[in-house]
Amino acid sequence: MLTSRPRGTADLLPGEVEKWQFLEGEFRSLCHDFGFGEVRTPVFEHTELFQRAVGESTDIVRKEMYTFKDRGGRSITLRPEGTAPTVRAYLQAKLYAEPQPTKLYYVCPIFRYERPQSGRLRQHHQFGVEMFGAAAAEADVEVIMVAWEFFRRLGLEGLIVHLNSIGCPTCRRAYRAALKDFFEPKAKDLCTDCRERLELNPLRVLDCKTEACQPYIQEAPVISGYLCDECRAHFEDVKSLLTQRKVKFVLDTRLVRGLDYYTRTVFEIRHPHLGAQNSVCSGGRYDGLVEECGGDPTPGVGFGMGVERLVEALEIEGVALPGRRSVDVYIAISEAGDRDMKNRGLDLLYALRERRISADMDYLGRSLKSQMKYAGKMKAKYVIIFGREELAGGEVVLRDMAQGRERRVSLSDVPGTLRASLDVGGTPWSNCQKPSG
RNA sequence: GUGGAUGUAGCUCAGCUGGUUAGAGCGCCAGGUUGUGGCCCUGGAGGCCGGGGGUUCGAGUCCCCUCAUUCACCCCA
C-alpha cells in the first residue's frame with residue numbers, strides 16, 4: 001500500500017515527463033495562435049454543478065464521480081470533465097460582459113471512477129478549449145481546427161474525424177420518439193443494456209456494439225431526417241467550412257456522445273490503432289448549457305483531448321518526442337577525497353549554474369574513472385576535469401564527450417567558452433535524448 | 001459493476017510431470033597498477049518466488065481466497 005499508487009493513476013518520471021512538458025508547450029502556443037486564453041479552475045467543484053451540467057442520466061454522474069463530503073458538510077466532486085467548470089468560471093467572473101466571444105483553453109487532470117484498461121485511467125489529463133457566445137458554424141469549425149492544427153503540427157497523421165449533428169432539443173425530441181417507436185416492438189430481441197438505454201436515452205442504442213443489436217441499428221431511423229431547418233442549415237455550414245479547410249471527416253450518424261449537454265454538432269477524433277478506447281479528442285456544441293447553469297442563453301462549443309491517449313498515438317506512429325534532459329556539463333575531480341579540491345569544484349559548479357549552464361558533479365566520493373563513467377551515462381556534453389596540476393596553472397581540461405577530444409582552458413574562461421559552445425543550435429529541447437528506435 | 005489473462009532479482013524472463021544452497025541476460029556497484037567515459041574482461045551486491053490459507057514428508061511449482069497489473073464489456077479522453 002505504502003509503495004503502490006492508487007488504482008488507475010500514473011506517475012510521470014523523468015524521461016516521460018519531458019514529452020508532456022513539450023506537448024503542453026505546443027498546445028499553449030497553438031491556443032495563443034487561435035486567440036484562446038488559459039483558464040485554471042479548481043480540481044474540485046460543488047457536486048451540484050456536475051449533476052446539473054453533465055446530466056443525471058449520464059454514466060458520469062450516475063456511477064463515475066469521485067464525490068465526498070468536506071469537513072463543512074459540503075458535497076464536493078473531483079472534476080470529471082472540463083466543460084462544466086469552465087462554464088461556471090465564465091459565469092462567476094462575468095466574462096459575458098467582456099467583448100465576445102470568450103475563448104478559453106485548459107490543461108488539467110480529470111477524475112472518473114472507472115475500471116482501468118488500455119487508454120483509460122481514474123485520473124487522466126485533458127487539453128480542452130471552449131468558446132462562448134458564438135453560434136455560427138465558423139465557431140464549431142474553429143474548435144475542430146484547433147485540434148486538427150495541433151495534430152498537424154505534431155505530425156500525427158492516422159486520425160479520423162467523426163462528425164454528426166444531434167440537433168436541438170426540439171428536433172431531438174422528435175427523433176427520440178421515432179427511435180423509441182422503432183425499437184420498442186423489438187425490445188425483447190435487444191441486449192439487456194439496450195433495453196435499459198431505450199428507457200434512459202434511446203440515442204445510445206445506436207452505438208451499441210453487441211452483435212444481436214446490429215441488424216436493428218442498421219435499419220433504425222437516422223437523425224439527419226429529423227433535423228429542423230435551422231439545425232440542418234447549421235450542419236451543412238459546418239461540413240462545407242470543414243471541406244474548405246481541407247479537413248477530412250466521416251459522417252457518423254451513430255455518433256451520439258454520452259453527455260446530455262450537447263446540441264447540434266458533435267465530433268470525435270479517433271486513432272484506429274489505440275485499442276478499444278480510441279477517441280483522442282471529442283467535443284461539440286452545447287447551446288443550452290450556460291443557461292442550464294444559471295446564465296443567460298449563450299451558445300458554446302468546445303472539445304476535450306486526452307493527453308495519455310495522445311501520447312500513445314504519437315508513440316504508435318513513431319513521432320519523436322523529447323526524452324530525458326541531460327546536463328550540459330559534468331565536473332570531474334581527480335583528487336576527489338581532498339577537501340580543498342572539492343571546494344574548488346563546487347565554486348566552479350555554482351559559477352556555471354549562475355550563468356544558466358546546467359552542470360553537475362559527484363557527491364559520492366567516486367574515483368575519477370567512476371566519475372567519467374557516470375558523466376557518460378548521464379550523457380553530459382562536456383566534462384571539466386581537473387586536479388592539483390591544472391589548478392596550479394589556473395587551468396582545467398575541457399573534454400567534449402561526443403568527439404572524445406579535450407583541450408585546456410583557463411579557469412576564468414570556462415563559463416564563457418561553454419556558454420558559446422552550448423548556444424550553437426541550442427533549442428529548448430536540444431539536450432533531450434532522442435528516442436532510439 | 002461483469003468477464004479473461006498475468007503476477008519469480010531494478011528490468012525482460014527461465015525454473016520440465018512438486019524434491020537438496022532459486023538461475024540467465026541487461027542494469028547497478030567496484031576493479032583491470034600510478035588522474036579520464038562509451039567496447040572488452042573480472043568480481044560483487046541484490047530475490048517474505050504479490051499476500052494469506054490449505055494439500056503434502058516436502059511447494060516458486062497443486063488447490064482455495066485475496067490484492068495488484070493488464071485486456072475486454074459498460075462508458076468514455
# chains A, B, ... in the order shown; residues from 1 in each chain; ligands from 1
>>> interface_residues(of="chain A", to="chain B", cutoff="6 Å", atoms="only C-alpha atoms (C1' of nucleotides)", output="PyMOL selection string")
chain A and resi 280+305-306+334+369+372-373+376
>>> select_by_dssp(residues="stretch 51-277 of chain A", states="helix (DSSP H, G or I)", output="JSON, numbers by chain")
{"A": [51, 52, 53, 54, 59, 60, 61, 62, 63, 64, 83, 84, 85, 86, 87, 88, 89, 90, 91, 92, 95, 96, 97, 137, 138, 139, 140, 141, 142, 143, 144, 145, 146, 147, 148, 149, 150, 151, 152, 153, 154, 169, 170, 171, 172, 173, 174, 175, 176, 177, 178, 179, 180, 181, 182, 183, 184, 185, 186, 187, 188, 189, 192, 193, 194, 195, 196, 197, 198, 199, 200, 202, 203, 204, 205, 206, 207, 211, 212, 213, 214, 215, 216, 217, 218, 219, 223, 224, 225, 226, 229, 230, 231, 232, 233, 234, 235, 236, 237, 238, 239, 240, 241, 242, 243, 244]}
>>> residues_around(residues="stretch 233-242 of chain A", least_positions_apart="2", cutoff="8 Å", atoms="only C-alpha atoms (C1' of nucleotides)", output="PyMOL selection string")
chain A and resi 136-138+140-141+165+229-231+244-248+264-265
>>> write_last_selection(atoms="N, CA, C and O atoms", output="compact mmCIF listing (two decimals), in the first residue's frame")
# COMPACT_ATOMS: atom_id res chain seq x y z
N ALA A 136 -22.36 30.74 -34.67
CA ALA A 136 -22.14 30.43 -36.09
C ALA A 136 -21.32 29.16 -36.27
O ALA A 136 -20.54 28.76 -35.41
N ALA A 137 -21.47 28.55 -37.42
CA ALA A 137 -20.75 27.32 -37.74
C ALA A 137 -19.24 27.55 -37.75
O ALA A 137 -18.47 26.63 -37.51
N GLU A 138 -18.82 28.77 -38.03
CA GLU A 138 -17.39 29.06 -38.01
C GLU A 138 -16.78 28.74 -36.65
O GLU A 138 -15.61 28.35 -36.55
N ASP A 140 -17.83 26.33 -34.52
CA ASP A 140 -17.69 24.87 -34.43
C ASP A 140 -16.42 24.45 -35.16
O ASP A 140 -15.64 23.62 -34.67
N VAL A 141 -16.25 25.03 -36.34
CA VAL A 141 -15.12 24.64 -37.17
C VAL A 141 -13.80 25.11 -36.56
O VAL A 141 -12.81 24.39 -36.60
N SER A 165 -24.57 15.56 -36.32
CA SER A 165 -25.36 16.59 -35.65
C SER A 165 -26.48 15.88 -34.91
O SER A 165 -27.14 15.01 -35.47
N ASP A 229 -35.02 22.87 -39.78
CA ASP A 229 -34.36 23.62 -40.85
C ASP A 229 -33.10 24.33 -40.36
O ASP A 229 -32.06 24.30 -41.02
N GLU A 230 -33.20 24.94 -39.18
CA GLU A 230 -32.04 25.69 -38.67
C GLU A 230 -30.87 24.74 -38.37
O GLU A 230 -29.73 25.04 -38.69
N CYS A 231 -31.17 23.63 -37.74
CA CYS A 231 -30.11 22.69 -37.39
C CYS A 231 -29.49 22.09 -38.65
O CYS A 231 -28.28 21.90 -38.73
N GLN A 244 -13.79 23.26 -46.87
CA GLN A 244 -12.99 24.40 -47.33
C GLN A 244 -11.62 24.41 -46.64
O GLN A 244 -10.62 24.81 -47.23
N ARG A 245 -11.59 23.97 -45.41
CA ARG A 245 -10.33 23.91 -44.66
C ARG A 245 -9.55 22.64 -44.96
O ARG A 245 -8.55 22.35 -44.35
N LYS A 246 -10.09 21.83 -45.87
CA LYS A 246 -9.45 20.57 -46.28
C LYS A 246 -9.33 19.56 -45.12
O LYS A 246 -8.39 18.78 -45.06
N VAL A 247 -10.30 19.63 -44.23
CA VAL A 247 -10.35 18.64 -43.15
C VAL A 247 -11.16 17.44 -43.64
O VAL A 247 -12.28 17.60 -44.09
N LYS A 248 -10.56 16.28 -43.58
CA LYS A 248 -11.30 15.08 -43.98
C LYS A 248 -12.09 14.58 -42.78
O LYS A 248 -11.57 14.48 -41.68
N ARG A 264 -26.69 20.05 -31.58
CA ARG A 264 -26.15 20.20 -32.95
C ARG A 264 -24.85 19.43 -33.15
O ARG A 264 -24.80 18.22 -33.03
N THR A 265 -23.77 20.15 -33.42
CA THR A 265 -22.53 19.48 -33.82
C THR A 265 -21.91 18.62 -32.70
O THR A 265 -21.71 19.10 -31.58
>>> residues_around(residues="B:G52", least_positions_apart="5", cutoff="12 Å", atoms="only C-alpha atoms (C1' of nucleotides)", output="PDB file with all heavy atoms, in the first residue's frame")
ATOM      1  P     C B  64      -8.745 -23.574  -7.444  1.00  0.00           P
ATOM      2  OP1   C B  64      -9.969 -23.620  -8.283  1.00  0.00           O
ATOM      3  OP2   C B  64      -7.533 -22.862  -7.942  1.00  0.00           O
ATOM      4  O5'   C B  64      -9.123 -22.971  -6.030  1.00  0.00           O
ATOM      5  C5'   C B  64     -10.258 -23.458  -5.324  1.00  0.00           C
ATOM      6  C4'   C B  64     -10.355 -22.769  -3.978  1.00  0.00           C
ATOM      7  O4'   C B  64      -9.184 -23.109  -3.181  1.00  0.00           O
ATOM      8  C3'   C B  64     -10.344 -21.253  -4.026  1.00  0.00           C
ATOM      9  O3'   C B  64     -11.621 -20.714  -4.315  1.00  0.00           O
ATOM     10  C2'   C B  64      -9.878 -20.908  -2.614  1.00  0.00           C
ATOM     11  O2'   C B  64     -10.928 -21.008  -1.670  1.00  0.00           O
ATOM     12  C1'   C B  64      -8.846 -22.002  -2.350  1.00  0.00           C
ATOM     13  N1    C B  64      -7.467 -21.583  -2.669  1.00  0.00           N
ATOM     14  C2    C B  64      -6.786 -20.776  -1.742  1.00  0.00           C
ATOM     15  O2    C B  64      -7.352 -20.460  -0.688  1.00  0.00           O
ATOM     16  N3    C B  64      -5.517 -20.384  -2.018  1.00  0.00           N
ATOM     17  C4    C B  64      -4.951 -20.756  -3.168  1.00  0.00           C
ATOM     18  N4    C B  64      -3.703 -20.337  -3.407  1.00  0.00           N
ATOM     19  C5    C B  64      -5.627 -21.555  -4.130  1.00  0.00           C
ATOM     20  C6    C B  64      -6.878 -21.944  -3.847  1.00  0.00           C
ATOM     21  P     C B  65     -11.697 -19.271  -5.025  1.00  0.00           P
ATOM     22  OP1   C B  65     -13.115 -19.035  -5.370  1.00  0.00           O
ATOM     23  OP2   C B  65     -10.667 -19.201  -6.087  1.00  0.00           O
ATOM     24  O5'   C B  65     -11.279 -18.263  -3.868  1.00  0.00           O
ATOM     25  C5'   C B  65     -12.103 -18.118  -2.712  1.00  0.00           C
ATOM     26  C4'   C B  65     -11.404 -17.253  -1.687  1.00  0.00           C
ATOM     27  O4'   C B  65     -10.132 -17.877  -1.322  1.00  0.00           O
ATOM     28  C3'   C B  65     -10.997 -15.868  -2.158  1.00  0.00           C
ATOM     29  O3'   C B  65     -12.076 -14.946  -2.094  1.00  0.00           O
ATOM     30  C2'   C B  65      -9.893 -15.510  -1.170  1.00  0.00           C
ATOM     31  O2'   C B  65     -10.419 -15.101   0.074  1.00  0.00           O
ATOM     32  C1'   C B  65      -9.182 -16.861  -1.001  1.00  0.00           C
ATOM     33  N1    C B  65      -8.018 -17.001  -1.898  1.00  0.00           N
ATOM     34  C2    C B  65      -6.834 -16.328  -1.556  1.00  0.00           C
ATOM     35  O2    C B  65      -6.809 -15.660  -0.515  1.00  0.00           O
ATOM     36  N3    C B  65      -5.756 -16.430  -2.362  1.00  0.00           N
ATOM     37  C4    C B  65      -5.835 -17.159  -3.482  1.00  0.00           C
ATOM     38  N4    C B  65      -4.753 -17.236  -4.249  1.00  0.00           N
ATOM     39  C5    C B  65      -7.028 -17.843  -3.855  1.00  0.00           C
ATOM     40  C6    C B  65      -8.084 -17.740  -3.046  1.00  0.00           C
ATOM     41  P     U B  66     -12.065 -13.676  -3.073  1.00  0.00           P
ATOM     42  OP1   U B  66     -13.296 -12.910  -2.783  1.00  0.00           O
ATOM     43  OP2   U B  66     -11.777 -14.140  -4.451  1.00  0.00           O
ATOM     44  O5'   U B  66     -10.822 -12.813  -2.563  1.00  0.00           O
ATOM     45  C5'   U B  66     -10.839 -12.220  -1.260  1.00  0.00           C
ATOM     46  C4'   U B  66      -9.506 -11.584  -0.971  1.00  0.00           C
ATOM     47  O4'   U B  66      -8.477 -12.605  -1.020  1.00  0.00           O
ATOM     48  C3'   U B  66      -9.043 -10.544  -1.984  1.00  0.00           C
ATOM     49  O3'   U B  66      -9.600  -9.270  -1.709  1.00  0.00           O
ATOM     50  C2'   U B  66      -7.535 -10.559  -1.782  1.00  0.00           C
ATOM     51  O2'   U B  66      -7.149  -9.822  -0.643  1.00  0.00           O
ATOM     52  C1'   U B  66      -7.271 -12.046  -1.526  1.00  0.00           C
ATOM     53  N1    U B  66      -6.898 -12.771  -2.761  1.00  0.00           N
ATOM     54  C2    U B  66      -5.597 -12.623  -3.216  1.00  0.00           C
ATOM     55  O2    U B  66      -4.776 -11.930  -2.649  1.00  0.00           O
ATOM     56  N3    U B  66      -5.301 -13.327  -4.358  1.00  0.00           N
ATOM     57  C4    U B  66      -6.149 -14.140  -5.068  1.00  0.00           C
ATOM     58  O4    U B  66      -5.733 -14.709  -6.070  1.00  0.00           O
ATOM     59  C5    U B  66      -7.470 -14.232  -4.534  1.00  0.00           C
ATOM     60  C6    U B  66      -7.798 -13.563  -3.436  1.00  0.00           C
ATOM     61  P     C B  67      -9.849  -8.255  -2.924  1.00  0.00           P
ATOM     62  OP1   C B  67     -10.710  -7.171  -2.414  1.00  0.00           O
ATOM     63  OP2   C B  67     -10.244  -9.042  -4.109  1.00  0.00           O
ATOM     64  O5'   C B  67      -8.394  -7.656  -3.190  1.00  0.00           O
ATOM     65  C5'   C B  67      -7.726  -6.894  -2.182  1.00  0.00           C
ATOM     66  C4'   C B  67      -6.283  -6.704  -2.554  1.00  0.00           C
ATOM     67  O4'   C B  67      -5.635  -8.004  -2.641  1.00  0.00           O
ATOM     68  C3'   C B  67      -6.021  -6.095  -3.919  1.00  0.00           C
ATOM     69  O3'   C B  67      -6.139  -4.685  -3.907  1.00  0.00           O
ATOM     70  C2'   C B  67      -4.596  -6.543  -4.192  1.00  0.00           C
ATOM     71  O2'   C B  67      -3.661  -5.771  -3.462  1.00  0.00           O
ATOM     72  C1'   C B  67      -4.616  -7.961  -3.631  1.00  0.00           C
ATOM     73  N1    C B  67      -4.926  -8.970  -4.666  1.00  0.00           N
ATOM     74  C2    C B  67      -3.899  -9.352  -5.540  1.00  0.00           C
ATOM     75  O2    C B  67      -2.769  -8.834  -5.415  1.00  0.00           O
ATOM     76  N3    C B  67      -4.156 -10.280  -6.490  1.00  0.00           N
ATOM     77  C4    C B  67      -5.379 -10.810  -6.588  1.00  0.00           C
ATOM     78  N4    C B  67      -5.580 -11.720  -7.536  1.00  0.00           N
ATOM     79  C5    C B  67      -6.435 -10.427  -5.723  1.00  0.00           C
ATOM     80  C6    C B  67      -6.170  -9.510  -4.786  1.00  0.00           C
TER      81        C B  67
END
>>> atom_distance(atom1="atom CA of A:Cys191", atom2="atom CA of A:Pro215")
12.3 Å
>>> select_by_dssp(residues="stretch 201-420 of chain A", states="strand (DSSP E)", output="number ranges by chain")
A: 249-251, 263-270, 279-285, 300-306, 329-333, 359-361, 382-386, 395-400, 405-410
>>> residues_around(residues="B:C11", least_positions_apart="2", cutoff="12 Å", atoms="only C-alpha atoms (C1' of nucleotides)", output="JSON list (two decimals) with C-alpha atoms (C1' of nucleotides), in the first residue's frame")
[["chain", "number", "residue", "atom", "x", "y", "z"],
["B", 9, "A", "C1'", 16.14, -10.14, -8.58],
["B", 13, "C", "C1'", 12.29, -13.62, -18.46],
["B", 25, "G", "C1'", 20.71, -11.63, -19.92],
["B", 26, "C", "C1'", 20.53, -6.49, -19.24],
["B", 27, "G", "C1'", 21.03, -2.78, -15.43],
["B", 28, "C", "C1'", 23.60, -1.26, -10.79]]
>>> closest_residue(among="B:C62, B:C29, B:U8, B:G15", to="B:G46", atoms="only C-alpha atoms (C1' of nucleotides)")
B:C29
>>> atom_distance(atom1="atom C1' of B:A24", atom2="atom C1' of B:A5")
25.6 Å
>>> residues_around(residues="stretch 73-80 of chain A", least_positions_apart="5", cutoff="9 Å", atoms="only C-alpha atoms (C1' of nucleotides)", output="ChimeraX atom specification")
/A:42-48,50,60-61,64-68,85,109-113
>>> atom_distance(atom1="atom CA of A:Leu422", atom2="atom C1' of B:C39")
28.1 Å
>>> residues_around(residues="A:Asn201", least_positions_apart="6", cutoff="10 Å", atoms="only C-alpha atoms (C1' of nucleotides)", output="PyMOL selection string")
chain A and resi 57-58+176+179-180+194+258+260
>>> decode(residues="stretch 4-68 of chain B", atoms="C-alpha atoms (C1' of nucleotides)", output="PDB file, in the first residue's frame")
ATOM      1  C1'   G B   4     -10.486 -13.307 -19.431  1.00  0.00           C
ATOM      2  C1'   A B   5      -5.056 -13.245 -18.830  1.00  0.00           C
ATOM      3  C1'   U B   6      -0.813 -12.465 -15.749  1.00  0.00           C
ATOM      4  C1'   G B   7       1.963 -11.884 -11.010  1.00  0.00           C
ATOM      5  C1'   U B   8       9.941 -15.260  -9.686  1.00  0.00           C
ATOM      6  C1'   A B   9      16.138 -10.145  -8.582  1.00  0.00           C
ATOM      7  C1'   G B  10      15.785  -2.698 -10.601  1.00  0.00           C
ATOM      8  C1'   C B  11      14.112  -4.525 -15.990  1.00  0.00           C
ATOM      9  C1'   U B  12      12.941  -8.803 -19.526  1.00  0.00           C
ATOM     10  C1'   C B  13      12.292 -13.619 -18.464  1.00  0.00           C
ATOM     11  C1'   A B  14      13.935 -19.309 -17.355  1.00  0.00           C
ATOM     12  C1'   G B  15      12.684 -22.700 -13.487  1.00  0.00           C
ATOM     13  C1'   C B  16      10.431 -29.886 -17.082  1.00  0.00           C
ATOM     14  C1'   U B  17       5.376 -34.092 -14.663  1.00  0.00           C
ATOM     15  C1'   G B  18       6.228 -30.666  -6.536  1.00  0.00           C
ATOM     16  C1'   G B  19      12.347 -32.882  -4.212  1.00  0.00           C
ATOM     17  C1'   U B  20      18.530 -30.517  -1.770  1.00  0.00           C
ATOM     18  C1'   U B  21      22.175 -23.649  -1.140  1.00  0.00           C
ATOM     19  C1'   A B  22      16.061 -20.232  -6.946  1.00  0.00           C
ATOM     20  C1'   G B  23      19.072 -19.083 -12.348  1.00  0.00           C
ATOM     21  C1'   A B  24      20.283 -16.089 -17.063  1.00  0.00           C
ATOM     22  C1'   G B  25      20.711 -11.626 -19.920  1.00  0.00           C
ATOM     23  C1'   C B  26      20.530  -6.485 -19.244  1.00  0.00           C
ATOM     24  C1'   G B  27      21.030  -2.785 -15.434  1.00  0.00           C
ATOM     25  C1'   C B  28      23.603  -1.257 -10.785  1.00  0.00           C
ATOM     26  C1'   C B  29      28.412  -1.054  -7.832  1.00  0.00           C
ATOM     27  C1'   A B  30      33.742  -1.977  -7.749  1.00  0.00           C
ATOM     28  C1'   G B  31      38.256  -3.414 -10.057  1.00  0.00           C
ATOM     29  C1'   G B  32      41.507  -4.361 -14.779  1.00  0.00           C
ATOM     30  C1'   U B  33      48.664  -0.671 -11.085  1.00  0.00           C
ATOM     31  C1'   U B  34      50.243   5.066 -10.703  1.00  0.00           C
ATOM     32  C1'   G B  35      44.481  11.274 -12.920  1.00  0.00           C
ATOM     33  C1'   U B  36      39.728  10.059 -17.686  1.00  0.00           C
ATOM     34  C1'   G B  37      33.626   7.650 -20.150  1.00  0.00           C
ATOM     35  C1'   G B  38      31.421   4.864 -24.321  1.00  0.00           C
ATOM     36  C1'   C B  39      33.998  -1.630 -26.317  1.00  0.00           C
ATOM     37  C1'   C B  40      36.013  -5.826 -23.689  1.00  0.00           C
ATOM     38  C1'   C B  41      37.381  -8.830 -19.175  1.00  0.00           C
ATOM     39  C1'   U B  42      36.855  -9.994 -13.773  1.00  0.00           C
ATOM     40  C1'   G B  43      34.363  -9.704  -9.254  1.00  0.00           C
ATOM     41  C1'   G B  44      30.262  -8.043  -6.091  1.00  0.00           C
ATOM     42  C1'   A B  45      25.611  -6.508  -4.158  1.00  0.00           C
ATOM     43  C1'   G B  46      20.569  -7.603  -4.936  1.00  0.00           C
ATOM     44  C1'   G B  47      15.016 -12.228  -4.546  1.00  0.00           C
ATOM     45  C1'   C B  48       8.788 -12.508   2.550  1.00  0.00           C
ATOM     46  C1'   C B  49       9.173 -16.585  -5.934  1.00  0.00           C
ATOM     47  C1'   G B  50       2.404 -10.434  -4.914  1.00  0.00           C
ATOM     48  C1'   G B  51      -0.130 -11.598   0.135  1.00  0.00           C
ATOM     49  C1'   G B  52      -2.907 -15.236   3.239  1.00  0.00           C
ATOM     50  C1'   G B  53      -4.628 -20.123   3.999  1.00  0.00           C
ATOM     51  C1'   G B  54      -4.618 -25.357   2.574  1.00  0.00           C
ATOM     52  C1'   U B  55      -2.839 -30.330   0.487  1.00  0.00           C
ATOM     53  C1'   U B  56       1.965 -32.945   1.193  1.00  0.00           C
ATOM     54  C1'   C B  57       7.446 -35.966   4.443  1.00  0.00           C
ATOM     55  C1'   G B  58       8.473 -31.705   1.188  1.00  0.00           C
ATOM     56  C1'   A B  59       5.505 -26.150  -2.978  1.00  0.00           C
ATOM     57  C1'   G B  60       8.174 -20.932  -6.865  1.00  0.00           C
ATOM     58  C1'   U B  61       5.784 -25.369  -8.812  1.00  0.00           C
ATOM     59  C1'   C B  62      -1.032 -28.349  -6.875  1.00  0.00           C
ATOM     60  C1'   C B  63      -5.983 -26.208  -4.557  1.00  0.00           C
ATOM     61  C1'   C B  64      -8.846 -22.002  -2.350  1.00  0.00           C
ATOM     62  C1'   C B  65      -9.182 -16.861  -1.001  1.00  0.00           C
ATOM     63  C1'   U B  66      -7.271 -12.046  -1.526  1.00  0.00           C
ATOM     64  C1'   C B  67      -4.616  -7.961  -3.631  1.00  0.00           C
ATOM     65  C1'   A B  68      -2.332  -5.876  -7.833  1.00  0.00           C
TER      66        A B  68
END
